[in-house]
Amino acid sequence: MEKRWVLKKTTDIEAVKQLSSALNINERLTALLVQRGVKTFDEAKRFFRPSLKHLHDPFLMKDMDVAVERIMKAHEKGEKIMVYGDYDVDGTTAVALVYSFIRRFHKKIEFYIPDRYKEGYGISYTGIDFARKQGATLLIALDCGIKAIEKVKYAKEKGLDVIICDHHRPGDTVPEAAAVLDPKQPDCPYPYKDLSGCGVGFKLTQAIAQKRGDSENTVFAALDLVAVSIAADIVPITGENRVLAYYGLKKINEKPRAGLEVLLNSAGVERNENKGTLYFDREISVNDLVFLVGPRINAAGRIEDATDSVRLLISRDDDYAKKLGKQINELNLTRRDLDTGITSEAIEILKKDKDHENKKTTVVFKQDWHKGVIGIVASRLIEVYYRPTIVLTRSDGLITGSARSIKNFDIYDALDSISHLLEHFGGHTYAAGLALKPENLDVFIDEFEKYASERLTDDMMIPEIEIDEELYISDINSKFFRILKQFAPFGPGNMSPFFQTRNVIDTGYVKIVGKNGSKHLKFSVVHPDHNGGPLPAIAFNQGHHFENMKTGRPFSICYHIDENFWQGHTTLQLRIKDIKFD
C-alpha cells in the first residue's frame, strides 16, 4: 500500500539551539524535544526524569470526595462492596487494582466481570441483580458506566449505590449515581483528561489512601497494572500517564507480579539468568504490553470468561498463576485462529463487493462471526484498505459491531451523528462499539458512508507516516541511541520517532528472510557520500523490494532505531517502515 511521508517542521529553531546548548546534546535530538513541547532545561528534566511527585492530587477530580466518603461509610458499616468492570484489558486491570487495594482493609468485597455475550458492554441488569443477590449495597463500576443512566436508576431502585469510575466521553446527561468520576466531564476540574479506566481507578485508591493515612507505597505497588492498561487501551502517554507508565514499566522490569510474569513467559520472554538488574532477559517496553500481554489478558473475555484474567492479575500463588496463565495462553491461540479466519472471510466478501473500492468506508457483516474478535478484525482490515471500518455480527437479536478509524477521522462523532439508528454505542476517537436493529442496517451503512464522504479527502485516505527528523547514517551511534531511549515510554502523544535518510545503498548482502511465506528483507545500509555505517536493517513484509535493492540503486528509508538481541549480543538496528526508490 502506498504511503505518504510527511516531514515534521520544527519552527522554533532558536529553542532547538538553546536547548541543545543547555543539555549538551545533538540538535537533532533537541528538535525532537521541541516537537513534543519541551523547550527549557526544567521541562527537559521533567520529561527525562518523571517523578511520582508530578502526579496530581486525586481530590481535584469532581466527586472524588463523595466517592471516598461513600466507600469509607461502607467500610465502617460493614457493607458488602461489589467491584465491577469491563471485560477488556483496561477493565480487568482496573478491577484487579481496586479490588486488591480495598481488600487490604475491607474483607466484605467481591468482583464481577460481565459476560461479553450474555450481558454485553458496561453495567448490566444481570450484574446489578447478582450484586444484590450477594448482599452488596455498593457497586464500584470501572471503565464503564458513564452512559448507564437507566441501569444506575435500576440499581438505585434495588437498594444498590453506584460509584462510576470511567474515562469515556459522557453524553448530554450523566447517571444519577452516588458519585461519578470521569475527568472528561465538562465541569470536572481535574487537570489531566486522558487517564485510562484503570488510571481513574488508581486515582480513587490514591484518594482513599490519603484519607486513611496509608503509605503511598500501597498504592504505587499497583502501577504495573496501570501501565498495562495505558498501553493496551492506547491512551496518550503524556503528562500524568507518562509518569504512571514509566513507573509501572519500572516495576514490571524489576519485580513483576506473578500473573504478568506468566503471561510474558508464555510469549517467549524469559527470566534473566545472568542476575543482572533486569528481571527478564531484556527490557520490557510499552510495545511488549501492547502486543504480548494485552492480547493474552483480552483473550479470556473474548473467548470465554474474563474473570480468569482478574484472578490471574491478583494471584500471589505462583503455581495457581501458571495454571491460569496456561489456560489463558491457549485461549489466545484460539483467538488468533478465529481472527485470522474471520479476516480472510471479510476480505473475500469485500473483494466481491464491486462498490467497495469506490467507498470511503468499510462495513462488513456476517451473522455467525465471533463477537469477541471483530474489533481485531476491524483493525486488520484497516491495514489492508485504510478507511474507517466497522465489522458486524449478530448477537441476541441485534447486529453488534466494533468500529476502528484512521487518522483525523473521529469514529465516535461519526456514530453520534447517526445515533438515531443505533440501540447504543460508546467509545473513543479511534475505537468504538455499537448495536443496531437488523432492519436499520442498510440505512446505517448508507448514512455512515455519507458522513465519511463529506469529511474525508483523497489525501486522508492514503496512510501517512510522520517523519520526525531527517538523519545522516553518521548521526546514528550508541550515544545518540542512549539518549533516544530516554524519550520512552513511547505511545500516542510521544510516539517512537520515525527518521528518514535519503540516497542510501545496500552493502551487497541483502537477503529475504521469513517463515510460512512471509517475505522480509534483511540488509545493511551505507551512504556513498557520508561517513558512518554500515548499519543493519530489517524491513518486515517488504520482500517485493528485493530485486531493486540487489541492483545497487539508491533508495530512501524511513525507520525507527532500535536494538537487536541475538545470542546474548545487543546491536543497533534500523527497523524499516517504508522504502522508496529514487
# chains A, B, ... in the order shown; residues from 1 in each chain; ligands from 1
>>> select_by_dssp(residues="range 40-107 of chain A", states="strand (DSSP E)", output="JSON, numbers by chain")
{"A": [80, 81, 82, 83, 84, 85]}
>>> residues_around(residues="range 467-472 of chain A", least_positions_apart="6", cutoff="8 Å", atoms="only C-alpha atoms", output="PyMOL selection string")
chain A and resi 5-8+28+31-32+497-501+527+530+558
>>> write_last_selection(atoms="N, CA and C atoms", output="short mmCIF file (atom, residue, chain, number, x, y, z; two decimals), in the first residue's frame")
data_model
loop_
_atom_site.label_atom_id
_atom_site.label_comp_id
_atom_site.auth_asym_id
_atom_site.auth_seq_id
_atom_site.Cartn_x
_atom_site.Cartn_y
_atom_site.Cartn_z
N TRP A 5 4.94 10.20 3.02
CA TRP A 5 5.91 10.60 4.04
C TRP A 5 5.75 12.10 4.26
N VAL A 6 5.54 12.47 5.49
CA VAL A 6 5.38 13.89 5.83
C VAL A 6 6.42 14.25 6.88
N LEU A 7 7.33 15.10 6.51
CA LEU A 7 8.40 15.51 7.43
C LEU A 7 7.89 16.65 8.31
N LYS A 8 7.93 16.43 9.62
CA LYS A 8 7.51 17.47 10.55
C LYS A 8 8.44 18.68 10.44
N ARG A 28 19.61 17.50 16.63
CA ARG A 28 18.55 16.64 16.07
C ARG A 28 17.72 16.03 17.19
N ALA A 31 15.56 18.89 18.66
CA ALA A 31 14.42 19.16 17.77
C ALA A 31 13.26 18.23 18.10
N LEU A 32 13.58 16.97 18.43
CA LEU A 32 12.53 16.02 18.84
C LEU A 32 11.85 16.49 20.11
N PRO A 497 10.16 7.92 17.60
CA PRO A 497 10.41 8.76 16.43
C PRO A 497 10.68 7.97 15.16
N PHE A 498 10.12 8.48 14.06
CA PHE A 498 10.47 7.98 12.74
C PHE A 498 11.53 8.90 12.15
N PHE A 499 12.56 8.30 11.59
CA PHE A 499 13.61 9.07 10.94
C PHE A 499 13.63 8.74 9.44
N GLN A 500 14.22 9.65 8.70
CA GLN A 500 14.32 9.48 7.26
C GLN A 500 15.77 9.69 6.84
N THR A 501 16.26 8.84 5.96
CA THR A 501 17.58 9.03 5.37
C THR A 501 17.46 8.79 3.87
N HIS A 527 25.76 5.30 3.24
CA HIS A 527 25.54 6.40 2.30
C HIS A 527 26.85 6.61 1.55
N HIS A 530 28.72 9.92 2.65
CA HIS A 530 28.90 10.32 4.04
C HIS A 530 29.53 9.19 4.83
N CYS A 558 12.53 5.19 5.70
CA CYS A 558 12.06 5.77 6.96
C CYS A 558 12.01 4.63 7.96
#
>>> residues_around(residues="range 333-341 of chain A", least_positions_apart="6", cutoff="12 Å", atoms="only C-alpha atoms", output="VMD selection string")
chain A and resid 266 to 267 295 to 304 326 to 327 347 to 348 368 to 381 391
>>> write_last_selection(atoms="C-alpha atoms", output="PDB file, in the first residue's frame")
ATOM      1  CA  SER A 266       4.162 -17.646  27.605  1.00  0.00           C
ATOM      2  CA  ALA A 267       5.096 -15.051  24.954  1.00  0.00           C
ATOM      3  CA  PRO A 295      -3.918  -9.779  23.782  1.00  0.00           C
ATOM      4  CA  ARG A 296      -3.492 -12.593  26.301  1.00  0.00           C
ATOM      5  CA  ILE A 297      -5.447 -10.771  29.020  1.00  0.00           C
ATOM      6  CA  ASN A 298      -8.107  -9.922  26.436  1.00  0.00           C
ATOM      7  CA  ALA A 299      -8.322 -13.489  25.149  1.00  0.00           C
ATOM      8  CA  ALA A 300     -10.162 -14.784  28.219  1.00  0.00           C
ATOM      9  CA  GLY A 301     -13.010 -12.297  27.774  1.00  0.00           C
ATOM     10  CA  ARG A 302     -13.084 -12.665  24.004  1.00  0.00           C
ATOM     11  CA  ILE A 303     -13.367 -16.436  24.006  1.00  0.00           C
ATOM     12  CA  GLU A 304     -14.726 -17.425  27.434  1.00  0.00           C
ATOM     13  CA  LYS A 326      -1.532 -21.658  30.590  1.00  0.00           C
ATOM     14  CA  GLN A 327      -5.315 -21.688  30.139  1.00  0.00           C
ATOM     15  CA  ILE A 347     -11.521  -9.764   2.715  1.00  0.00           C
ATOM     16  CA  GLU A 348     -13.199 -12.281   0.397  1.00  0.00           C
ATOM     17  CA  ASP A 368     -22.076 -16.017  12.698  1.00  0.00           C
ATOM     18  CA  TRP A 369     -18.756 -14.233  13.233  1.00  0.00           C
ATOM     19  CA  HIS A 370     -17.343 -14.492  16.748  1.00  0.00           C
ATOM     20  CA  LYS A 371     -18.223 -11.319  18.619  1.00  0.00           C
ATOM     21  CA  GLY A 372     -15.063 -11.454  20.690  1.00  0.00           C
ATOM     22  CA  VAL A 373     -12.617 -10.853  17.831  1.00  0.00           C
ATOM     23  CA  ILE A 374     -14.399  -8.497  15.441  1.00  0.00           C
ATOM     24  CA  GLY A 375     -12.562  -5.474  16.872  1.00  0.00           C
ATOM     25  CA  ILE A 376      -9.253  -7.105  15.985  1.00  0.00           C
ATOM     26  CA  VAL A 377     -10.593  -7.924  12.519  1.00  0.00           C
ATOM     27  CA  ALA A 378     -11.583  -4.269  12.009  1.00  0.00           C
ATOM     28  CA  SER A 379      -8.008  -3.227  12.770  1.00  0.00           C
ATOM     29  CA  ARG A 380      -6.657  -5.846  10.356  1.00  0.00           C
ATOM     30  CA  LEU A 381      -8.945  -4.576   7.579  1.00  0.00           C
ATOM     31  CA  VAL A 391     -17.194  -5.203  11.420  1.00  0.00           C
TER      32      VAL A 391
END
>>> residues_around(residues="Leu436 in chain A", least_positions_apart="6", cutoff="8 Å", atoms="only C-alpha atoms", output="PyMOL selection string")
chain A and resi 398-400+421-424
>>> write_last_selection(atoms="C-alpha atoms", output="CSV table (one decimal), in the first residue's frame")
chain,number,residue,atom,x,y,z
A,398,LEU,CA,-29.3,-7.3,17.4
A,399,ILE,CA,-26.5,-6.6,15.0
A,400,THR,CA,-23.5,-5.7,17.1
A,421,LEU,CA,-30.3,4.4,14.0
A,422,LEU,CA,-28.4,2.7,16.9
A,423,GLU,CA,-29.6,1.0,20.1
A,424,HIS,CA,-26.5,2.0,21.9
>>> select_by_dssp(residues="range 327-517 of chain A", states="alpha helix (DSSP H)", output="number ranges by chain")
A: 327-352, 374-385, 411-417, 441-453, 478-485
>>> closest_residue(among="A:Thr173, A:Ser419, A:Thr92, A:Gln367", to="Phe448 in chain A", atoms="only C-alpha atoms")
A:Ser419
>>> closest_residue(among="A:Asn531, A:Ala227, A:Lys158, A:Ile149", to="Glu176 in chain A", atoms="only C-alpha atoms")
A:Ile149
>>> closest_residue(among="A:Asp63, A:Asp224, A:Glu261, A:Asp194", to="Tyr246 in chain A", atoms="only C-alpha atoms")
A:Asp224
>>> residues_around(residues="Asn477 in chain A", least_positions_apart="6", cutoff="12 Å", atoms="only C-alpha atoms", output="MDAnalysis selection string")
chainID A and resid 26 471 483:484 531:535 561:563 571:574
>>> residues_around(residues="range 514-516 of chain A", least_positions_apart="5", cutoff="12 Å", atoms="only C-alpha atoms", output="number ranges by chain")
A: 521-522, 538-543
>>> closest_residue(among="A:Tyr385, A:Tyr99, A:Tyr192, A:Phe41", to="Ile81 in chain A", atoms="only C-alpha atoms")
A:Tyr99
>>> atom_distance(atom1="CA of Leu97 in chain A", atom2="CA of Gly199 in chain A")
9.7 Å
>>> residues_around(residues="Ile349 in chain A", least_positions_apart="2", cutoff="12 Å", atoms="only C-alpha atoms", output="PyMOL selection string")
chain A and resi 342-347+351-356+362-366+381+391
>>> closest_residue(among="A:Thr10, A:Thr205, A:Asn272, A:Thr429", to="Ile234 in chain A", atoms="only C-alpha atoms")
A:Thr429
>>> closest_residue(among="A:Leu55, A:Val286, A:Ala537, A:Leu60", to="Asp187 in chain A", atoms="only C-alpha atoms")
A:Leu60
